[in-house]
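Just below is one structure, and these are the notes that go with it.
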Amino acid sequence: MSDQTQIRTRFAPSPTGYLHIGGARTAVFSWLYAKRYGGKFILRVEDTDNERSTEDSIQQILDAMAWLGLDYDEGPFRQTDRWEIYHSFIKKLLDSGHAYRCVCTREDLDEKRELMQKSGAKPMYDGSCRGKDIPADVGKPYVVRIAGPKDGKTEVEDLLRGTVVFDNSELDDMIIMRTDGSPTYNFCVVVDDADMKISHVIRGDDHLANTPRQLVIYKALGLKPPKFAHVSMILGSDGKRLSKRHGALSVLEYRDMGILPDAFLNYLTRLGWSHGDQEVFTLDELKSKFDLDAVSKSASRFDLEKMTWTNAEHLRKMDNKALVKISGNAFEGIPGERLETLLEMLKPRARTLVDLAASARIYLEDGLEYDEKSVTRFLTSDTASLLSELADRLEIANFGRKEDIETVFNEYLEEKGLKLKILAQPVRVALTGGTVSPGLFDIMAFMGKDKCLARIREGARRGRG
Ligand code: GLU
């Protein structure tokens with residue numbers, strides 16, 4: 001639960017690649033937390049790493065967020081547009097003596113580091129420029145360093161992990177501005193989170209080690225830090241680091257696989273958060289139920305099978321109009337009532353939108369792809385004559401009524417003394433090319449007499465070999 005009046009969260013991606021599962025989950029948690037408490041969600045692009053940041057990555061991140069519906073109230077801000085703000089804060093720290101200029105050269109530092117390593121000490125900056133009040137016009141290149149605490153401890157109060165204690169002796173006087181005048185990563189994050197009045201920083205636990213360093217900067221600036229929640233890693237289903245072989249890594253690839261955005265949000269949120277044993281959540285449920293106190297401290301495992309299952313559950317419940325809209329042009333030109341029938345027929349079995357569109361083609365298009373195994377097993381010389389007789393018999397059926405098709409079909413079976421199960425699979429393979437489909441009479445009524453009889457006769461032909 002939150003004890004602050006205005007909740008402000010942010011997502012702060014570094015645009016050095018596409019938006020991956022881990023990053024997306026951080027975004028989703030931050031977004032949901034803001035939604036849960038009527039707060040604001042801010043998007044900030046951390047593009048200070050000139051060499052690795054690309055416009056293409058920014059666009060991909062924005063596209064993925066738009067696909068997921070992760071709308072932001074403020075931003076996107078870009079750190080490269082905020083140089084002046086960072087410099088004004090650096091000046092503040094220099095003026096107040098909380099930061100100092102350092103003219104140590106790389107060679108000096110390397111030499112010292114080597115000596116420290118040799119003597120078994122942890123290599124860190126020895127503070128030789130600290131307290132020297134080196135002026136800006138020193139005539140040499142300089143960096144600006146924070147004058148951090150030398151002893152004592154820095155405690156990170158993490159909402160998920162409790163208090164995590166760091167020894168200040170482990171934190172050296174870190175650089176906040178490089179010789180070329182560019183501010184460093186940890187410094188920009190602090191200035192931005194403070195300036196953007198972020199109340200809760202929700203991020204991956206790979207950033208936990210940065211947090212004490214950032215707290216030192218907050219303290220030096222006399223600013224109140226936000227609350228922190230460091231969320232655990234997402235691993236692959238085998239417990240190893242998530243990689244391509246566990247499923248796609250880029251969020252947009254899931255869109256292309258036919259996953260619904262709400263199902264993706266649902267599954268991602270369940271990766272590390274739980275609410276009793278509920279698995280399927282509508283977006284509104286997520287927005288009203290998500291909270292940080294039910295986020296797990298331990299790593300979660302990504303399971304493509306479970307994501308697909310979650311997707312199938314969402315598909316089944318989805319309103320047909322929304323389904324048609326999200327399917328692009330897959331169902332174009334099909335009259336309303338017919339489309340309703342088709343979707344009601346296919347929805348219970350489809351796992352993805354791609355599945356749904358592919359199964360629709362079986363009933364809409366003229367051509368048919370046959371599954372070879374099913375053909376070999378069910379379209380045989382034994383079934384060929386039955387199929388051809390059945391087709392002749394069905395000429396009299398009124399295909400406008402599925403009960404009528406069923407009656408004629410059953411009369412034929414009775415006459416031959418056959419059980420439905422003997423003929424059901426051969427007919428199904430003849431009609432659909434495979435052994436799995438909605439109810440036989442439903443698909444026959446949907447396809448109509450001409451297409452059905454032609455396919456059953458073609459099935460007989462294939463059976464004769
Ligand atoms: N830009 C960082 C990243 O993409 C996130 C930093 C943060 O959330 O504080 O990993």
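Every chain in the structure tokens takes a letter, A first, then B, and so on in the order presented; its residues are numbered from 1, and the ligands are numbered from 1 following the presented order.
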Please produce, as a Markdown table, a per-residue contact table for chain A versus ligand 1 (criterion: any atom at most 6 Å away, only C-alpha atoms and all ligand atoms considered), showing the nearest atom pair and its distance in Å to one decimal, sorted by chain then residue number.
| residue | atom | partner | partner_atom_place_in_ligand_line | distance |
| --- | --- | --- | --- | --- |
| A:Ala12 | CA | ligand 1 | 1 (N) | 5.0 |
| A:Pro13 | CA | ligand 1 | 4 (O) | 3.8 |
| A:Ser14 | CA | ligand 1 | 4 (O) | 4.1 |
| A:Glu46 | CA | ligand 1 | 1 (N) | 5.3 |
| A:Arg203 | CA | ligand 1 | 8 (O) | 4.8 |
Those residues you just picked out, can you put them in a file as a PDB file, in the first residue's frame with N, CA, C and O atoms?
ATOM      1  N   ALA A  12      12.337   3.980 -17.474  1.00  0.00           N
ATOM      2  CA  ALA A  12      13.514   4.725 -17.950  1.00  0.00           C
ATOM      3  C   ALA A  12      14.422   3.851 -18.798  1.00  0.00           C
ATOM      4  O   ALA A  12      15.532   3.525 -18.412  1.00  0.00           O
ATOM      5  N   PRO A  13      13.944   3.433 -19.966  1.00  0.00           N
ATOM      6  CA  PRO A  13      14.757   2.522 -20.772  1.00  0.00           C
ATOM      7  C   PRO A  13      15.979   3.194 -21.395  1.00  0.00           C
ATOM      8  O   PRO A  13      15.927   4.376 -21.734  1.00  0.00           O
ATOM      9  N   SER A  14      17.046   2.419 -21.514  1.00  0.00           N
ATOM     10  CA  SER A  14      18.204   2.857 -22.300  1.00  0.00           C
ATOM     11  C   SER A  14      17.976   2.325 -23.711  1.00  0.00           C
ATOM     12  O   SER A  14      17.838   1.119 -23.881  1.00  0.00           O
ATOM     13  N   GLU A  46      16.731   7.085 -21.520  1.00  0.00           N
ATOM     14  CA  GLU A  46      18.080   7.319 -20.987  1.00  0.00           C
ATOM     15  C   GLU A  46      19.101   7.101 -22.109  1.00  0.00           C
ATOM     16  O   GLU A  46      19.711   6.043 -22.220  1.00  0.00           O
ATOM     17  N   ARG A 203      12.465  -0.956 -10.558  1.00  0.00           N
ATOM     18  CA  ARG A 203      13.411  -1.325 -11.625  1.00  0.00           C
ATOM     19  C   ARG A 203      14.006  -2.694 -11.332  1.00  0.00           C
ATOM     20  O   ARG A 203      13.817  -3.253 -10.245  1.00  0.00           O
TER      21      ARG A 203
END
>> Which residues are near Leu221 (chain A)? Cut-off 12 Å, only C-alpha atoms, ignore same chain within fewer than 4 positions. Put them as a PyMOL selection string.
In response: chain A and resi 86+88-99+146-148+187+190-191+194-195+214-217+225
Please produce a file of the residues just selected, as a tab-separated table (two decimals), in the first residue's frame, where the atoms kept are N, CA, C and O atoms.
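Saved file result_7.tsv follows:
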chain	number	residue	atom	x	y	z
A	86	TYR	N	21.37	19.05	-15.79
A	86	TYR	CA	22.42	18.29	-15.09
A	86	TYR	C	23.55	19.23	-14.68
A	86	TYR	O	24.07	19.16	-13.56
A	88	SER	N	23.42	22.39	-14.07
A	88	SER	CA	23.07	23.30	-12.98
A	88	SER	C	23.20	22.56	-11.63
A	88	SER	O	23.62	23.15	-10.64
A	89	PHE	N	22.88	21.27	-11.65
A	89	PHE	CA	23.02	20.50	-10.40
A	89	PHE	C	24.49	20.23	-10.06
A	89	PHE	O	24.87	20.21	-8.90
A	90	ILE	N	25.30	20.04	-11.10
A	90	ILE	CA	26.73	19.82	-10.85
A	90	ILE	C	27.32	21.09	-10.22
A	90	ILE	O	28.09	21.04	-9.26
A	91	LYS	N	26.89	22.22	-10.74
A	91	LYS	CA	27.38	23.50	-10.21
A	91	LYS	C	26.98	23.63	-8.74
A	91	LYS	O	27.78	24.02	-7.89
A	92	LYS	N	25.74	23.28	-8.45
A	92	LYS	CA	25.25	23.35	-7.06
A	92	LYS	C	26.15	22.54	-6.13
A	92	LYS	O	26.53	22.99	-5.05
A	93	LEU	N	26.48	21.34	-6.60
A	93	LEU	CA	27.29	20.46	-5.75
A	93	LEU	C	28.71	20.99	-5.58
A	93	LEU	O	29.30	20.90	-4.50
A	94	LEU	N	29.25	21.57	-6.67
A	94	LEU	CA	30.60	22.15	-6.57
A	94	LEU	C	30.57	23.34	-5.61
A	94	LEU	O	31.44	23.47	-4.74
A	95	ASP	N	29.54	24.18	-5.75
A	95	ASP	CA	29.44	25.38	-4.91
A	95	ASP	C	29.30	25.03	-3.43
A	95	ASP	O	29.85	25.70	-2.55
A	96	SER	N	28.56	23.96	-3.17
A	96	SER	CA	28.33	23.62	-1.76
A	96	SER	C	29.43	22.73	-1.19
A	96	SER	O	29.38	22.33	-0.03
A	97	GLY	N	30.42	22.40	-2.02
A	97	GLY	CA	31.53	21.58	-1.53
A	97	GLY	C	31.19	20.09	-1.49
A	97	GLY	O	31.96	19.31	-0.94
A	98	HIS	N	30.08	19.69	-2.07
A	98	HIS	CA	29.75	18.27	-2.08
A	98	HIS	C	30.34	17.55	-3.29
A	98	HIS	O	30.17	16.35	-3.45
A	99	ALA	N	31.00	18.34	-4.13
A	99	ALA	CA	31.68	17.73	-5.27
A	99	ALA	C	32.97	18.51	-5.50
A	99	ALA	O	33.11	19.64	-5.03
A	146	ILE	N	31.98	13.29	-6.79
A	146	ILE	CA	31.17	13.55	-5.60
A	146	ILE	C	32.08	13.35	-4.38
A	146	ILE	O	32.92	12.47	-4.38
A	147	ALA	N	31.95	14.22	-3.40
A	147	ALA	CA	32.70	14.02	-2.15
A	147	ALA	C	31.83	13.16	-1.24
A	147	ALA	O	31.05	13.65	-0.44
A	148	GLY	N	31.97	11.87	-1.42
A	148	GLY	CA	31.09	10.93	-0.71
A	148	GLY	C	31.53	10.66	0.71
A	148	GLY	O	32.63	11.08	1.12
A	187	PHE	N	24.32	9.86	-11.94
A	187	PHE	CA	24.00	11.24	-11.61
A	187	PHE	C	22.73	11.69	-12.34
A	187	PHE	O	21.82	12.28	-11.73
A	190	VAL	N	19.53	10.29	-10.82
A	190	VAL	CA	19.11	10.96	-9.58
A	190	VAL	C	18.48	12.32	-9.89
A	190	VAL	O	17.39	12.64	-9.39
A	191	VAL	N	19.17	13.10	-10.71
A	191	VAL	CA	18.64	14.44	-11.03
A	191	VAL	C	17.25	14.30	-11.66
A	191	VAL	O	16.31	15.01	-11.28
A	194	ALA	N	14.55	13.07	-9.20
A	194	ALA	CA	14.19	14.15	-8.27
A	194	ALA	C	13.39	15.23	-9.01
A	194	ALA	O	12.31	15.63	-8.58
A	195	ASP	N	13.91	15.64	-10.16
A	195	ASP	CA	13.27	16.72	-10.91
A	195	ASP	C	11.87	16.31	-11.39
A	195	ASP	O	10.97	17.14	-11.48
A	214	GLN	N	23.49	6.21	-5.77
A	214	GLN	CA	22.50	7.25	-6.05
A	214	GLN	C	22.05	7.93	-4.75
A	214	GLN	O	21.82	9.14	-4.72
A	215	LEU	N	21.96	7.14	-3.67
A	215	LEU	CA	21.55	7.73	-2.39
A	215	LEU	C	22.57	8.76	-1.90
A	215	LEU	O	22.21	9.78	-1.31
A	216	VAL	N	23.86	8.47	-2.18
A	216	VAL	CA	24.91	9.43	-1.80
A	216	VAL	C	24.69	10.75	-2.55
A	216	VAL	O	24.83	11.84	-1.97
A	217	ILE	N	24.28	10.65	-3.80
A	217	ILE	CA	24.03	11.88	-4.58
A	217	ILE	C	22.80	12.62	-4.05
A	217	ILE	O	22.81	13.84	-3.92
A	225	PRO	N	15.14	10.99	-1.23
A	225	PRO	CA	15.07	9.95	-2.27
A	225	PRO	C	13.66	9.37	-2.39
A	225	PRO	O	12.88	9.43	-1.46
>> Using DSSP secondary structure from the backbone, list all strand (DSSP E or B) positions within region 105-253 of chain A, as a ChimeraX atom specification.
In response: /A:143-146,153-158,162-167,175-177,183,200-204,227-231,234-235,241,250
>> I want to know what sits within 8 Å of region 290-293 of chain A, based on only C-alpha atoms, with residues of the same chain fewer than 2 positions away left out; could you give that as a PyMOL selection string?
In response: chain A and resi 1+32-33+36+159-160+229+273+286-288+295
Near-Gln6 (chain A) list (8 Å; only C-alpha atoms; drop same-chain fewer than 5 positions) as a PDB file with N, CA and C atoms, in the first residue's frame:
ATOM      1  N   GLY A  38      -4.022   5.885  -8.851  1.00  0.00           N
ATOM      2  CA  GLY A  38      -4.416   7.135  -9.491  1.00  0.00           C
ATOM      3  C   GLY A  38      -3.252   8.090  -9.664  1.00  0.00           C
ATOM      4  N   GLY A  39      -2.059   7.534  -9.864  1.00  0.00           N
ATOM      5  CA  GLY A  39      -0.865   8.369  -9.980  1.00  0.00           C
ATOM      6  C   GLY A  39      -0.505   8.673 -11.423  1.00  0.00           C
ATOM      7  N   LYS A  40       0.723   9.083 -11.616  1.00  0.00           N
ATOM      8  CA  LYS A  40       1.205   9.430 -12.968  1.00  0.00           C
ATOM      9  C   LYS A  40       2.357   8.507 -13.344  1.00  0.00           C
ATOM     10  N   SER A 199       7.990   9.213  -7.122  1.00  0.00           N
ATOM     11  CA  SER A 199       7.785   8.755  -5.744  1.00  0.00           C
ATOM     12  C   SER A 199       8.264   7.322  -5.560  1.00  0.00           C
TER      13      SER A 199
END
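Closest to Thr407 (chain A) among A:Leu394, A:Lys419, A:Thr163, A:Arg25 is A:Leu394, based on only C-alpha atoms.
Atom pair CA of Arg393 (chain A) / CA of Phe378 (chain A) has a distance of 20.1 Å (rounded to one decimal).
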>> Considering only alpha helix (DSSP H) as DSSP defines it on the backbone, what residues of region 83-261 of chain A qualify? List them as a ChimeraX atom specification.
In response: /A:83-95,106-118,185-195,210-221,251-256,261
>> I'd like the contact shell of region 352-367 of chain A - 10 Å cut-off, only C-alpha atoms, skipping same-chain residues fewer than 4 positions apart - returned as a PyMOL selection string.
In response: chain A and resi 254-260+308-315+323-324+326-327+329-331+334+339+342-343+345-348+431-433+437+443-444+446-448+451-452+455
> Which residue, A:Ser300, A:Thr179, A:Glu337, A:Asp173, has the smallest gap to Ala136 (chain A) when you use only C-alpha atoms?
Replying inline: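 Nearest candidate to Ala136 (chain A) out of A:Ser300, A:Thr179, A:Glu337, A:Asp173: A:Thr179.
When only C-alpha atoms are used to measure the gap to Met196 (chain A), the shortest distance among A:Glu74, A:Asp137, A:Asp110, A:Asp371 belongs to A:Glu74.
With distances restricted to only C-alpha atoms, A:Gln60 is the closest residue to Glu253 (chain A) from A:Gln60, A:Asn186, A:Asn410, A:Ser169.
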>> Using only C-alpha atoms, can you tell me which of A:Thr54, A:Val164, A:Arg44, A:Cys104 comes closest to Asp81 (chain A)?
In response: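 Smallest distance to Asp81 (chain A) is found for A:Arg44.
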